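Heads up, target.cif below (mmCIF, C-alpha atoms):
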```cif
data_target
#
loop_
_atom_site.label_atom_id
_atom_site.label_comp_id
_atom_site.auth_asym_id
_atom_site.auth_seq_id
_atom_site.Cartn_x
_atom_site.Cartn_y
_atom_site.Cartn_z
CA MET R 1106 79.80 49.57 32.82
CA ASP R 1107 77.78 51.46 30.22
CA ALA R 1108 80.87 52.00 28.13
CA MET R 1109 81.80 48.32 28.36
CA ALA R 1110 78.24 47.33 27.49
CA ALA R 1111 78.45 49.62 24.45
CA GLY R 1112 81.55 47.74 23.32
CA ASP R 1113 84.19 50.32 24.29
CA ARG R 1114 87.24 48.13 24.78
CA ALA R 1115 89.17 50.85 26.61
CA ALA R 1116 86.61 50.86 29.42
CA VAL R 1117 87.99 47.68 30.96
CA PHE R 1118 91.28 49.51 31.58
CA VAL R 1119 89.35 52.18 33.51
CA LEU R 1120 87.47 49.53 35.48
CA TYR R 1121 90.76 47.90 36.46
CA ARG R 1122 92.47 51.15 37.38
CA GLU R 1123 89.60 52.80 39.26
CA PHE R 1124 87.82 49.85 40.84
CA GLY R 1125 90.42 47.09 40.98
CA GLY R 1126 90.77 47.62 44.74
CA MET R 1127 87.06 47.12 45.37
CA ILE R 1128 86.94 44.14 43.04
CA GLY R 1129 89.93 42.72 44.90
CA ALA R 1130 88.10 43.14 48.22
CA ALA R 1131 85.05 41.35 46.79
CA LEU R 1132 87.31 38.54 45.58
CA ARG R 1133 88.96 38.29 49.00
CA ARG R 1134 85.51 37.81 50.54
CA GLU R 1135 84.79 34.98 48.11
CA ILE R 1136 88.18 33.40 48.80
CA ARG R 1137 87.63 33.63 52.56
CA ALA R 1138 84.15 32.11 52.17
CA MET R 1139 85.87 29.11 50.58
CA GLY R 1140 87.98 28.65 53.71
CA ILE R 1141 91.20 30.18 52.40
CA GLU R 1142 92.54 32.82 54.73
CA PHE R 1143 95.46 34.08 52.72
CA VAL R 1144 96.04 34.74 49.06
CA ARG R 1145 99.34 35.95 47.63
CA PRO R 1146 99.20 39.46 46.10
CA GLU R 1147 100.32 38.07 42.72
CA GLU R 1148 97.45 35.59 42.73
CA LEU R 1149 94.99 38.27 43.78
CA GLY R 1150 96.33 40.49 40.99
CA ASP R 1151 95.58 37.79 38.41
CA LEU R 1152 92.15 37.21 39.90
CA VAL R 1153 91.31 40.92 39.77
CA ILE R 1154 92.23 40.97 36.07
CA ASP R 1155 90.11 37.87 35.40
CA ALA R 1156 87.24 39.46 37.31
CA CYS R 1157 87.54 42.66 35.26
CA PHE R 1158 87.27 40.63 32.05
CA GLU R 1159 84.31 38.74 33.50
CA LEU R 1160 82.56 42.02 34.38
CA ASN R 1161 83.39 43.33 30.93
CA ASP R 1162 81.74 40.30 29.36
CA CYS R 1163 78.52 40.65 31.36
CA ALA R 1164 78.38 44.46 31.51
CA GLY R 1165 75.35 44.61 29.24
CA ALA R 1166 73.18 42.81 31.79
CA TRP R 1167 73.96 45.15 34.69
CA ARG R 1168 71.47 47.90 35.54
CA PRO R 1169 72.58 50.91 37.62
CA ASP R 1170 69.04 51.39 38.97
CA GLY R 1171 69.23 47.89 40.49
CA GLY R 1172 71.13 49.43 43.38
CA ALA R 1173 73.99 46.92 43.53
CA LEU R 1174 77.58 47.60 42.63
CA PRO R 1175 78.68 45.57 39.61
CA TRP R 1176 80.99 43.32 41.61
CA THR R 1177 78.25 42.71 44.18
CA TRP R 1178 75.73 42.03 41.45
CA ALA R 1179 78.17 39.66 39.75
CA ALA R 1180 79.21 37.90 42.98
CA ARG R 1181 78.44 34.46 41.56
CA ARG R 1182 80.54 35.14 38.51
CA LEU R 1183 83.37 36.31 40.74
CA ARG R 1184 83.01 33.11 42.74
CA GLN R 1185 83.39 31.17 39.51
CA VAL R 1186 86.56 33.13 38.77
CA VAL R 1187 87.92 32.15 42.18
CA ILE R 1188 86.90 28.51 41.76
CA ARG R 1189 88.51 28.34 38.31
CA HIS R 1190 91.71 29.70 39.79
CA ILE R 1191 91.82 27.74 43.04
CA GLY R 1192 90.23 24.52 41.87
CA VAL R 1193 88.13 22.11 43.89
CA LEU R 1194 88.86 22.29 47.58
CA ALA R 1195 89.15 19.09 49.59
CA ASP R 1196 90.70 17.99 52.84
CA GLU R 1197 93.51 15.49 52.68
CA LEU R 1198 92.48 11.87 53.07
CA ASP R 1199 93.42 10.41 56.43
CA HIS R 1200 94.88 7.08 55.29
CA GLU R 1201 95.19 5.71 58.80
CA ARG R 1202 91.51 6.30 59.51
CA LEU R 1203 90.53 4.96 56.12
CA LEU R 1204 92.40 1.76 56.93
CA HIS R 1205 90.33 1.31 60.11
CA VAL R 1206 87.10 1.93 58.21
CA SER R 1207 87.99 -0.56 55.50
CA GLU R 1208 88.72 -3.18 58.16
CA ALA R 1209 85.37 -2.64 59.87
CA PRO R 1210 82.72 -5.27 59.12
CA PRO R 1211 80.48 -4.26 56.23
CA VAL R 1212 77.08 -2.92 57.14
CA SER R 1213 74.18 -4.78 55.65
CA GLY R 1214 72.18 -2.62 53.27
CA ALA R 1215 68.99 -4.58 53.86
CA GLN R 1216 68.45 -3.40 57.39
CA GLU R 1217 69.86 -0.29 59.00
CA PRO R 1218 71.71 -0.96 62.24
CA GLU R 1219 70.36 0.38 65.50
CA GLU R 1220 71.63 3.83 66.45
CA VAL R 1221 73.28 2.50 69.59
CA ALA R 1222 75.22 -0.05 67.52
CA VAL R 1223 76.24 2.68 65.08
CA LEU R 1224 77.52 4.81 67.93
CA ALA R 1225 79.47 1.83 69.27
CA GLY R 1226 81.07 1.37 65.85
CA LEU R 1227 81.92 5.04 65.55
CA ALA R 1228 83.32 5.10 69.09
CA ALA R 1229 86.12 2.83 67.90
CA LEU R 1230 87.10 5.39 65.27
CA ASP R 1231 86.35 8.76 66.81
CA ASP R 1232 87.23 10.14 70.25
CA SER R 1233 84.13 12.36 70.45
CA CYS R 1234 81.86 9.42 69.74
CA ALA R 1235 83.70 7.33 72.32
CA LEU R 1236 83.22 10.09 74.89
CA LEU R 1237 79.51 10.35 74.10
CA GLN R 1238 79.07 6.61 74.33
CA LYS R 1239 80.80 6.54 77.69
CA ALA R 1240 78.76 9.46 79.00
CA LEU R 1241 75.49 7.95 77.85
CA ALA R 1242 76.34 4.70 79.58
CA LYS R 1243 77.02 6.68 82.75
CA VAL R 1244 73.84 8.79 82.88
CA ALA R 1245 71.07 6.94 81.04
CA SER R 1246 69.39 3.58 80.88
CA ALA R 1247 69.69 1.46 77.76
CA ARG R 1248 66.17 2.44 76.75
CA ASP R 1249 66.74 6.19 77.22
CA ARG R 1250 70.04 6.00 75.34
CA ALA R 1251 68.32 4.36 72.39
CA LEU R 1252 65.43 6.84 72.47
CA LEU R 1253 67.70 9.88 72.48
CA LEU R 1254 69.82 8.62 69.60
CA GLU R 1255 66.79 7.55 67.59
CA LEU R 1256 65.15 10.94 68.15
CA LYS R 1257 68.27 12.85 67.09
CA VAL R 1258 68.73 10.72 63.98
CA GLN R 1259 65.10 11.24 62.97
CA ALA R 1260 65.41 15.00 63.52
CA SER R 1261 68.63 15.14 61.48
CA LEU R 1262 66.86 13.34 58.63
CA GLY R 1263 64.38 16.20 58.43
CA ASP R 1264 61.46 14.44 60.11
CA PRO R 1265 59.01 17.23 61.11
CA SER R 1266 57.74 15.17 64.09
CA PRO R 1267 60.64 13.00 65.20
CA ALA R 1268 59.12 12.29 68.62
CA LEU R 1269 55.95 10.95 67.00
CA THR R 1270 57.92 8.64 64.70
CA VAL R 1271 60.05 7.29 67.54
CA ALA R 1272 57.01 6.92 69.78
CA ASN R 1273 55.12 4.91 67.14
CA ARG R 1274 58.13 2.68 66.59
CA ASN R 1275 58.50 1.97 70.30
CA GLY R 1276 54.83 1.83 71.32
CA MET R 1277 55.09 5.00 73.41
CA ARG R 1278 53.49 8.41 73.53
CA PRO R 1279 55.42 11.28 71.89
CA ASP R 1280 55.44 13.25 75.16
CA ALA R 1281 57.13 10.36 76.91
CA VAL R 1282 59.79 10.18 74.19
CA ARG R 1283 60.46 13.92 74.42
CA GLN R 1284 60.64 13.71 78.21
CA ALA R 1285 63.05 10.78 78.15
CA ALA R 1286 65.29 12.53 75.63
CA LYS R 1287 65.23 15.78 77.61
CA ARG R 1288 66.12 13.93 80.79
CA THR R 1289 69.09 12.26 79.14
CA LEU R 1290 70.29 15.51 77.55
CA ASP R 1291 70.02 17.37 80.86
CA ARG R 1292 72.10 14.71 82.52
CA LEU R 1293 74.69 14.81 79.77
CA ARG R 1294 74.94 18.60 80.07
CA ARG R 1295 75.30 18.38 83.82
CA LEU R 1296 77.99 15.77 83.42
CA ALA R 1297 79.83 17.97 80.93
CA HIS R 1298 79.78 20.85 83.42
CA THR R 1299 80.69 18.94 86.53
CA ASP R 1300 83.13 16.30 85.32
CA GLU R 1301 86.25 17.58 83.62
CA HIS R 1302 86.71 14.28 81.83
CA PHE R 1303 83.42 14.87 80.00
CA ALA R 1304 83.89 18.60 79.38
CA GLY R 1305 84.37 17.89 75.66
CA LEU R 1306 80.73 16.87 75.42
CA SER R 1307 79.59 20.48 75.46
CA CYS R 1308 81.14 20.97 72.02
CA LEU R 1309 79.06 18.21 70.47
CA ALA R 1310 76.08 19.16 68.32
CA ILE R 1311 73.90 16.62 70.06
CA LEU R 1312 73.96 18.74 73.26
CA ARG R 1313 73.09 22.01 71.56
CA MET W 1144 120.60 56.80 61.86
CA MET W 1145 117.60 55.34 60.15
CA ARG W 1146 117.87 51.81 58.94
CA ARG W 1147 116.24 50.77 55.73
CA LEU W 1148 113.62 48.11 56.03
CA ALA W 1149 114.87 44.70 55.09
CA PRO W 1150 113.41 43.43 51.82
CA ALA W 1151 111.71 40.59 53.70
CA VAL W 1152 109.83 43.06 55.89
CA THR W 1153 108.79 45.12 52.88
CA ASP W 1154 107.67 41.98 51.14
CA ALA W 1155 105.74 40.83 54.21
CA LYS W 1156 103.96 44.17 54.43
CA ARG W 1157 103.10 43.99 50.77
CA SER W 1158 101.74 40.47 51.22
CA HIS W 1159 99.63 41.35 54.24
CA PRO W 1160 95.91 40.86 53.61
CA ALA W 1161 95.20 44.37 54.86
CA SER W 1162 97.66 46.01 52.50
CA SER W 1163 96.07 48.10 49.82
CA TRP W 1164 95.85 46.65 46.35
CA GLN W 1165 98.05 48.23 43.71
CA PRO W 1166 97.23 47.98 40.02
CA ASP W 1167 99.85 46.44 37.78
CA HIS W 1168 99.20 48.24 34.52
CA ASP W 1169 101.86 46.39 32.51
CA HIS W 1170 100.47 43.03 33.59
CA PHE W 1171 96.95 44.12 32.76
CA ARG W 1172 98.00 45.34 29.31
CA ARG W 1173 99.74 42.02 28.62
CA ARG W 1174 96.57 40.15 29.57
CA VAL W 1175 94.54 42.38 27.27
CA GLU W 1176 97.05 41.63 24.52
CA GLU W 1177 96.49 37.91 25.09
CA ARG W 1178 92.76 38.35 24.82
CA LEU W 1179 93.10 40.41 21.66
CA ARG W 1180 95.43 37.79 20.20
CA ASP W 1181 92.90 35.06 21.01
CA ASP W 1182 90.22 37.14 19.32
CA GLY W 1183 92.33 37.24 16.17
CA CYS W 1184 93.55 40.84 16.42
CA ALA W 1185 96.23 41.64 13.84
CA ARG W 1186 98.42 43.75 16.13
CA PRO W 1187 97.46 43.02 19.74
CA GLU W 1188 100.40 44.88 21.34
CA PHE W 1189 99.64 48.03 19.41
CA VAL W 1190 95.89 47.88 19.98
CA ALA W 1191 96.31 47.24 23.72
CA ALA W 1192 98.64 50.23 23.97
CA VAL W 1193 96.18 52.48 22.10
CA LEU W 1194 93.31 51.37 24.34
CA GLU W 1195 95.41 51.92 27.43
CA VAL W 1196 96.37 55.45 26.38
CA ARG W 1197 92.76 56.31 25.55
CA ALA W 1198 91.60 54.88 28.89
CA ARG W 1199 94.29 56.83 30.72
CA LEU W 1200 92.95 60.01 29.14
CA GLY W 1201 89.35 59.02 29.88
CA LEU W 1202 88.22 59.68 26.32
CA ASP W 1203 85.77 57.94 24.06
CA VAL W 1204 86.74 57.22 20.45
CA ALA W 1205 85.37 60.52 19.15
CA GLY W 1206 87.17 62.57 21.80
CA PHE W 1207 90.38 60.65 21.23
CA ALA W 1208 90.16 61.22 17.48
CA GLU W 1209 89.66 64.90 18.10
CA LEU W 1210 92.69 65.02 20.35
CA LEU W 1211 94.81 63.21 17.77
CA ARG W 1212 93.37 65.42 15.03
CA VAL W 1213 92.41 62.50 12.89
CA ASP W 1214 89.13 61.19 11.66
CA ARG W 1215 87.17 58.91 13.99
CA SER W 1216 87.35 56.10 11.45
CA VAL W 1217 91.15 56.28 11.61
CA VAL W 1218 91.03 55.61 15.36
CA ASP W 1219 88.52 52.80 14.79
CA GLU W 1220 90.91 51.23 12.29
CA ALA W 1221 93.85 51.67 14.64
CA GLU W 1222 91.93 49.96 17.44
CA ALA W 1223 91.13 47.17 15.02
CA GLY W 1224 94.85 46.65 14.40
CA CYS W 1225 95.21 48.53 11.12
CA PRO W 1226 96.94 51.78 12.07
CA ALA W 1227 97.41 54.54 9.53
CA ARG W 1228 100.74 56.36 9.52
CA ALA W 1229 99.04 59.57 10.63
CA VAL W 1230 97.66 57.97 13.79
CA VAL W 1231 101.02 56.42 14.70
CA LEU W 1232 102.71 59.80 14.42
CA ALA W 1233 99.98 61.46 16.44
CA LEU W 1234 100.23 58.77 19.12
CA ALA W 1235 104.00 59.20 19.25
CA ARG W 1236 103.47 62.90 19.95
CA LEU W 1237 100.78 62.20 22.54
CA ALA W 1238 102.51 59.37 24.40
CA PRO W 1239 106.23 59.56 23.67
CA ASP W 1240 106.99 57.06 26.46
CA ILE W 1241 105.73 54.25 24.23
CA ASP W 1242 107.76 53.00 21.27
CA TRP W 1243 104.89 53.03 18.78
CA PRO W 1244 106.91 52.15 15.67
CA ALA W 1245 108.20 49.06 17.49
CA LEU W 1246 104.64 47.96 18.20
CA ILE W 1247 103.74 47.97 14.51
CA ARG W 1248 107.05 46.67 13.20
CA GLY W 1249 106.84 43.42 11.34
CA PRO W 1250 103.99 41.96 9.36
CA ALA W 1251 100.60 42.03 10.94
CA ARG W 1252 99.06 38.71 11.87
CA PRO W 1253 96.16 37.87 9.60
CA ALA W 1254 93.02 39.12 11.25
CA LEU W 1255 90.61 36.27 11.92
CA ARG W 1256 87.14 37.33 11.01
CA ARG W 1257 85.36 34.01 10.72
CA ALA W 1258 85.25 31.01 12.98
CA SER W 1259 86.40 28.82 10.08
CA ASP W 1260 89.53 30.99 9.68
CA ARG W 1261 90.34 30.54 13.33
CA ALA W 1262 89.87 26.79 13.08
CA THR W 1263 92.21 26.69 10.09
CA LEU W 1264 94.91 28.57 11.95
CA GLU W 1265 94.55 26.36 15.02
CA GLN W 1266 94.99 23.29 12.80
CA ARG W 1267 98.32 24.66 11.61
#
```
Take the structure I supplied and represent it as structure tokens, if you would.
Amino acid sequence: MDAMAAGDRAAVFVLYREFGGMIGAALRREIRAMGIEFVRPEELGDLVIDACFELNDCAGAWRPDGGALPWTWAARRLRQVVIRHIGVLADELDHERLLHVSEAPPVSGAQEPEEVAVLAGLAALDDSCALLQKALAKVASARDRALLLELKVQASLGDPSPALTVANRNGMRPDAVRQAAKRTLDRLRRLAHTDEHFAGLSCLAILR
Amino acid sequence: MMRRLAPAVTDAKRSHPASSWQPDHDHFRRRVEERLRDDGCARPEFVAAVLEVRARLGLDVAGFAELLRVDRSVVDEAEAGCPARAVVLALARLAPDIDWPALIRGPARPALRRASDRATLEQR
């Protein structure tokens, strides 16, 4: 790295020959972190070369007393190399599902729909949501269902005291909200364990 | 009698994520040539070959010049794409596997020293 920083253009050959394997391993980690399990050796070879040039270009900023290997220190740059090579990752659009969504009635922006109504809408599109809706109807009262969903939505929005917010909105005490939500969750968990039809509930984030 | 592995099996082993990485020196040199060409180097193939030989020997410019028995400035010029006859002959003795005369055959590309020069060439 010192030689590269000093402008010795032969040093990048040494970096490639001596440390290409380690750089390749670092690149594989970055590729795996992006959700790609396999990369062809030819592609990896090109990436290692790109990474060597990238390290060559930033060699002057690396300090050996920092304690990190150059390719660890330059992990973000290596990630950029991978991103430049692979491009933006995206899942394929599910046209069938999109069709259902576009046919659904538009949601008014002026007032957010109740959580129970949202779940009902999602249940028509998603099997997990349908299962949750069915299970909630089986184990909880309408009030407890609404409280649980409201509480979870508030928590997911980053509210530091979701129970307090929900309690104020419903004219209740926070303890009572927490208790009602706990009761409903316990029942849902029990249902997931005892009824095979509802076993899929245990995978849902709402029960964790 | 031992059977030779089918090419597909060999290829699969080579492609396996756990297989060890092997450097492709020719490919790397070609990529260095591209970079040198983009930087406006007059003789990218020659310069890349010189740098590769020096790297293979693990020498800095001074040590390489000493080995070639030429002045350091001669090596500097060679690595800038302006090789003197003496350095080409010395390189041919040092690394006879490379066809050095072929790498310097033909007129050198004009070295681009200023951004305006590069812009002019790109316009052409």
Contacts of chain W with chain R up to 9 Å, shortest pair per row, only C-alpha atoms, as a tab-separated table:
```
residue	atom	partner	partner_atom	distance
W:Arg1157	CA	R:Pro1146	CA	7.6
W:Ser1158	CA	R:Pro1146	CA	5.8
W:His1159	CA	R:Pro1146	CA	8.4
W:Pro1160	CA	R:Phe1143	CA	6.9
W:Ser1163	CA	R:Gly1126	CA	7.4
W:Trp1164	CA	R:Gly1126	CA	5.4
W:Gln1165	CA	R:Gly1126	CA	7.4
W:Pro1166	CA	R:Arg1122	CA	6.3
W:Asp1167	CA	R:Gly1150	CA	7.6
W:His1168	CA	R:Arg1122	CA	7.9
W:His1170	CA	R:Asp1151	CA	8.6
W:Phe1171	CA	R:Ile1154	CA	6.6
W:Arg1172	CA	R:Phe1118	CA	8.2
W:Arg1174	CA	R:Ile1154	CA	7.9
W:Val1175	CA	R:Phe1158	CA	8.9
W:Ala1191	CA	R:Ala1115	CA	8.5
W:Val1193	CA	R:Ala1115	CA	8.5
W:Leu1194	CA	R:Ala1115	CA	4.8
W:Glu1195	CA	R:Phe1118	CA	6.3
W:Val1196	CA	R:Ala1115	CA	8.5
W:Arg1197	CA	R:Ala1115	CA	6.6
W:Ala1198	CA	R:Ala1115	CA	5.2
W:Arg1199	CA	R:Val1119	CA	7.3
W:Gly1201	CA	R:Val1119	CA	7.7
W:Leu1202	CA	R:Ala1115	CA	8.9
W:Asp1203	CA	R:Asp1113	CA	7.8
W:Val1204	CA	R:Asp1113	CA	8.3
W:Glu1222	CA	R:Arg1114	CA	8.9
```
Could you tell me which residues the PyMOL selection byres ((chain R and resi 1181) around 12) grabs in this file, written as a PyMOL selection string?
-> chain R and resi 1131-1132+1134-1135+1156+1159-1160+1163+1175-1180+1182-1188
Quick one: write out the picked residues with C-alpha atoms as a PDB file, keeping the file's coordinate frame?
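What follows is the written file again.pdb:
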```
ATOM      1  CA  ALA R1131      85.050  41.350  46.790  1.00  0.00           C
ATOM      2  CA  LEU R1132      87.310  38.540  45.580  1.00  0.00           C
ATOM      3  CA  ARG R1134      85.510  37.810  50.540  1.00  0.00           C
ATOM      4  CA  GLU R1135      84.790  34.980  48.110  1.00  0.00           C
ATOM      5  CA  ALA R1156      87.240  39.460  37.310  1.00  0.00           C
ATOM      6  CA  GLU R1159      84.310  38.740  33.500  1.00  0.00           C
ATOM      7  CA  LEU R1160      82.560  42.020  34.380  1.00  0.00           C
ATOM      8  CA  CYS R1163      78.520  40.650  31.360  1.00  0.00           C
ATOM      9  CA  PRO R1175      78.680  45.570  39.610  1.00  0.00           C
ATOM     10  CA  TRP R1176      80.990  43.320  41.610  1.00  0.00           C
ATOM     11  CA  THR R1177      78.250  42.710  44.180  1.00  0.00           C
ATOM     12  CA  TRP R1178      75.730  42.030  41.450  1.00  0.00           C
ATOM     13  CA  ALA R1179      78.170  39.660  39.750  1.00  0.00           C
ATOM     14  CA  ALA R1180      79.210  37.900  42.980  1.00  0.00           C
ATOM     15  CA  ARG R1182      80.540  35.140  38.510  1.00  0.00           C
ATOM     16  CA  LEU R1183      83.370  36.310  40.740  1.00  0.00           C
ATOM     17  CA  ARG R1184      83.010  33.110  42.740  1.00  0.00           C
ATOM     18  CA  GLN R1185      83.390  31.170  39.510  1.00  0.00           C
ATOM     19  CA  VAL R1186      86.560  33.130  38.770  1.00  0.00           C
ATOM     20  CA  VAL R1187      87.920  32.150  42.180  1.00  0.00           C
ATOM     21  CA  ILE R1188      86.900  28.510  41.760  1.00  0.00           C
TER      22      ILE R1188
END
```
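If you look at atom CA of Leu1312 of chain R and atom CA of Asp1291 of chain R, they are 8.7 Å away from each other.
Non-sequential neighbours of Leu1237 of chain R (distance at most 10 Å, separation of 2 or more positions within a chain, all atoms listed in the file) are Leu1224, Ala1225, Ala1228, Asp1232, Ser1233, Cys1234, Ala1235, Lys1239, Ala1240, Leu1241, Ala1242, Lys1243, Leu1293, Phe1303, Gly1305, Leu1306, Leu1309 and Ile1311 of chain R.
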Only C-alpha atoms, please: the residues just picked out, written as a CSV table (one decimal), in the frame of the given file.
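Result went into again_2.csv, see below:
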```csv
chain,number,residue,atom,x,y,z
R,1224,LEU,CA,77.5,4.8,67.9
R,1225,ALA,CA,79.5,1.8,69.3
R,1228,ALA,CA,83.3,5.1,69.1
R,1232,ASP,CA,87.2,10.1,70.2
R,1233,SER,CA,84.1,12.4,70.4
R,1234,CYS,CA,81.9,9.4,69.7
R,1235,ALA,CA,83.7,7.3,72.3
R,1239,LYS,CA,80.8,6.5,77.7
R,1240,ALA,CA,78.8,9.5,79.0
R,1241,LEU,CA,75.5,8.0,77.8
R,1242,ALA,CA,76.3,4.7,79.6
R,1243,LYS,CA,77.0,6.7,82.8
R,1293,LEU,CA,74.7,14.8,79.8
R,1303,PHE,CA,83.4,14.9,80.0
R,1305,GLY,CA,84.4,17.9,75.7
R,1306,LEU,CA,80.7,16.9,75.4
R,1309,LEU,CA,79.1,18.2,70.5
R,1311,ILE,CA,73.9,16.6,70.1
```
Please evaluate the PyMOL selection byres ((chain W and resi 1246) around 8) against the displayed coordinates and give the resulting residues as a ChimeraX atom specification.
-> /W:1186,1188-1189,1242-1245,1247-1248
Would you kindly translate the PyMOL selection byres ((chain W and resi 1232) around 12) into the concrete residues it picks from this file, as a PDB file with C-alpha atoms, in the coordinates of the input?
```pdb
ATOM      1  CA  LEU W1211      94.810  63.210  17.770  1.00  0.00           C
ATOM      2  CA  ARG W1212      93.370  65.420  15.030  1.00  0.00           C
ATOM      3  CA  VAL W1213      92.410  62.500  12.890  1.00  0.00           C
ATOM      4  CA  PRO W1226      96.940  51.780  12.070  1.00  0.00           C
ATOM      5  CA  ALA W1227      97.410  54.540   9.530  1.00  0.00           C
ATOM      6  CA  ARG W1228     100.740  56.360   9.520  1.00  0.00           C
ATOM      7  CA  ALA W1229      99.040  59.570  10.630  1.00  0.00           C
ATOM      8  CA  VAL W1230      97.660  57.970  13.790  1.00  0.00           C
ATOM      9  CA  VAL W1231     101.020  56.420  14.700  1.00  0.00           C
ATOM     10  CA  ALA W1233      99.980  61.460  16.440  1.00  0.00           C
ATOM     11  CA  LEU W1234     100.230  58.770  19.120  1.00  0.00           C
ATOM     12  CA  ALA W1235     104.000  59.200  19.250  1.00  0.00           C
ATOM     13  CA  ARG W1236     103.470  62.900  19.950  1.00  0.00           C
ATOM     14  CA  LEU W1237     100.780  62.200  22.540  1.00  0.00           C
ATOM     15  CA  ALA W1238     102.510  59.370  24.400  1.00  0.00           C
ATOM     16  CA  PRO W1239     106.230  59.560  23.670  1.00  0.00           C
ATOM     17  CA  ILE W1241     105.730  54.250  24.230  1.00  0.00           C
ATOM     18  CA  ASP W1242     107.760  53.000  21.270  1.00  0.00           C
ATOM     19  CA  TRP W1243     104.890  53.030  18.780  1.00  0.00           C
ATOM     20  CA  PRO W1244     106.910  52.150  15.670  1.00  0.00           C
ATOM     21  CA  ILE W1247     103.740  47.970  14.510  1.00  0.00           C
TER      22      ILE W1247
END
```
When you draw a straight line from atom CA of Asn1275 of chain R to atom CA of Leu1253 of chain R, how long is it in Å?
-> 12.3 Å
Your completed segment 1178-1189 of chain W with N, CA, C and O atoms, as a CSV table (one decimal), in the coordinates of the input:
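rebuild_17.csv, freshly written:
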```csv
chain,number,residue,atom,x,y,z
W,1178,ARG,N,94.2,38.5,25.2
W,1178,ARG,CA,92.8,38.4,24.8
W,1178,ARG,C,92.6,38.8,23.4
W,1178,ARG,O,91.8,38.1,22.6
W,1179,LEU,N,93.2,39.9,23.0
W,1179,LEU,CA,93.1,40.4,21.7
W,1179,LEU,C,93.7,39.4,20.7
W,1179,LEU,O,93.1,39.2,19.6
W,1180,ARG,N,94.8,38.8,21.1
W,1180,ARG,CA,95.4,37.8,20.2
W,1180,ARG,C,94.5,36.6,20.0
W,1180,ARG,O,94.3,36.1,18.9
W,1181,ASP,N,93.9,36.2,21.1
W,1181,ASP,CA,92.9,35.1,21.0
W,1181,ASP,C,91.7,35.4,20.1
W,1181,ASP,O,91.1,34.5,19.5
W,1182,ASP,N,91.4,36.7,20.1
W,1182,ASP,CA,90.2,37.1,19.3
W,1182,ASP,C,90.6,37.3,17.9
W,1182,ASP,O,89.8,37.7,17.1
W,1183,GLY,N,91.9,37.1,17.6
W,1183,GLY,CA,92.3,37.2,16.2
W,1183,GLY,C,92.8,38.6,15.8
W,1183,GLY,O,92.8,38.9,14.6
W,1184,CYS,N,93.1,39.5,16.7
W,1184,CYS,CA,93.6,40.8,16.4
W,1184,CYS,C,94.9,40.8,15.7
W,1184,CYS,O,95.8,40.0,16.0
W,1185,ALA,N,95.0,41.7,14.7
W,1185,ALA,CA,96.2,41.6,13.8
W,1185,ALA,C,97.5,42.2,14.6
W,1185,ALA,O,98.6,41.6,14.4
W,1186,ARG,N,97.3,43.2,15.4
W,1186,ARG,CA,98.4,43.8,16.1
W,1186,ARG,C,98.0,44.0,17.6
W,1186,ARG,O,97.7,45.1,18.0
W,1187,PRO,N,98.0,42.9,18.4
W,1187,PRO,CA,97.5,43.0,19.7
W,1187,PRO,C,98.2,44.0,20.6
W,1187,PRO,O,97.7,44.7,21.4
W,1188,GLU,N,99.6,44.0,20.5
W,1188,GLU,CA,100.4,44.9,21.3
W,1188,GLU,C,100.1,46.3,21.1
W,1188,GLU,O,99.9,47.1,22.0
W,1189,PHE,N,99.9,46.7,19.8
W,1189,PHE,CA,99.6,48.0,19.4
W,1189,PHE,C,98.2,48.4,19.9
W,1189,PHE,O,98.0,49.5,20.5
```
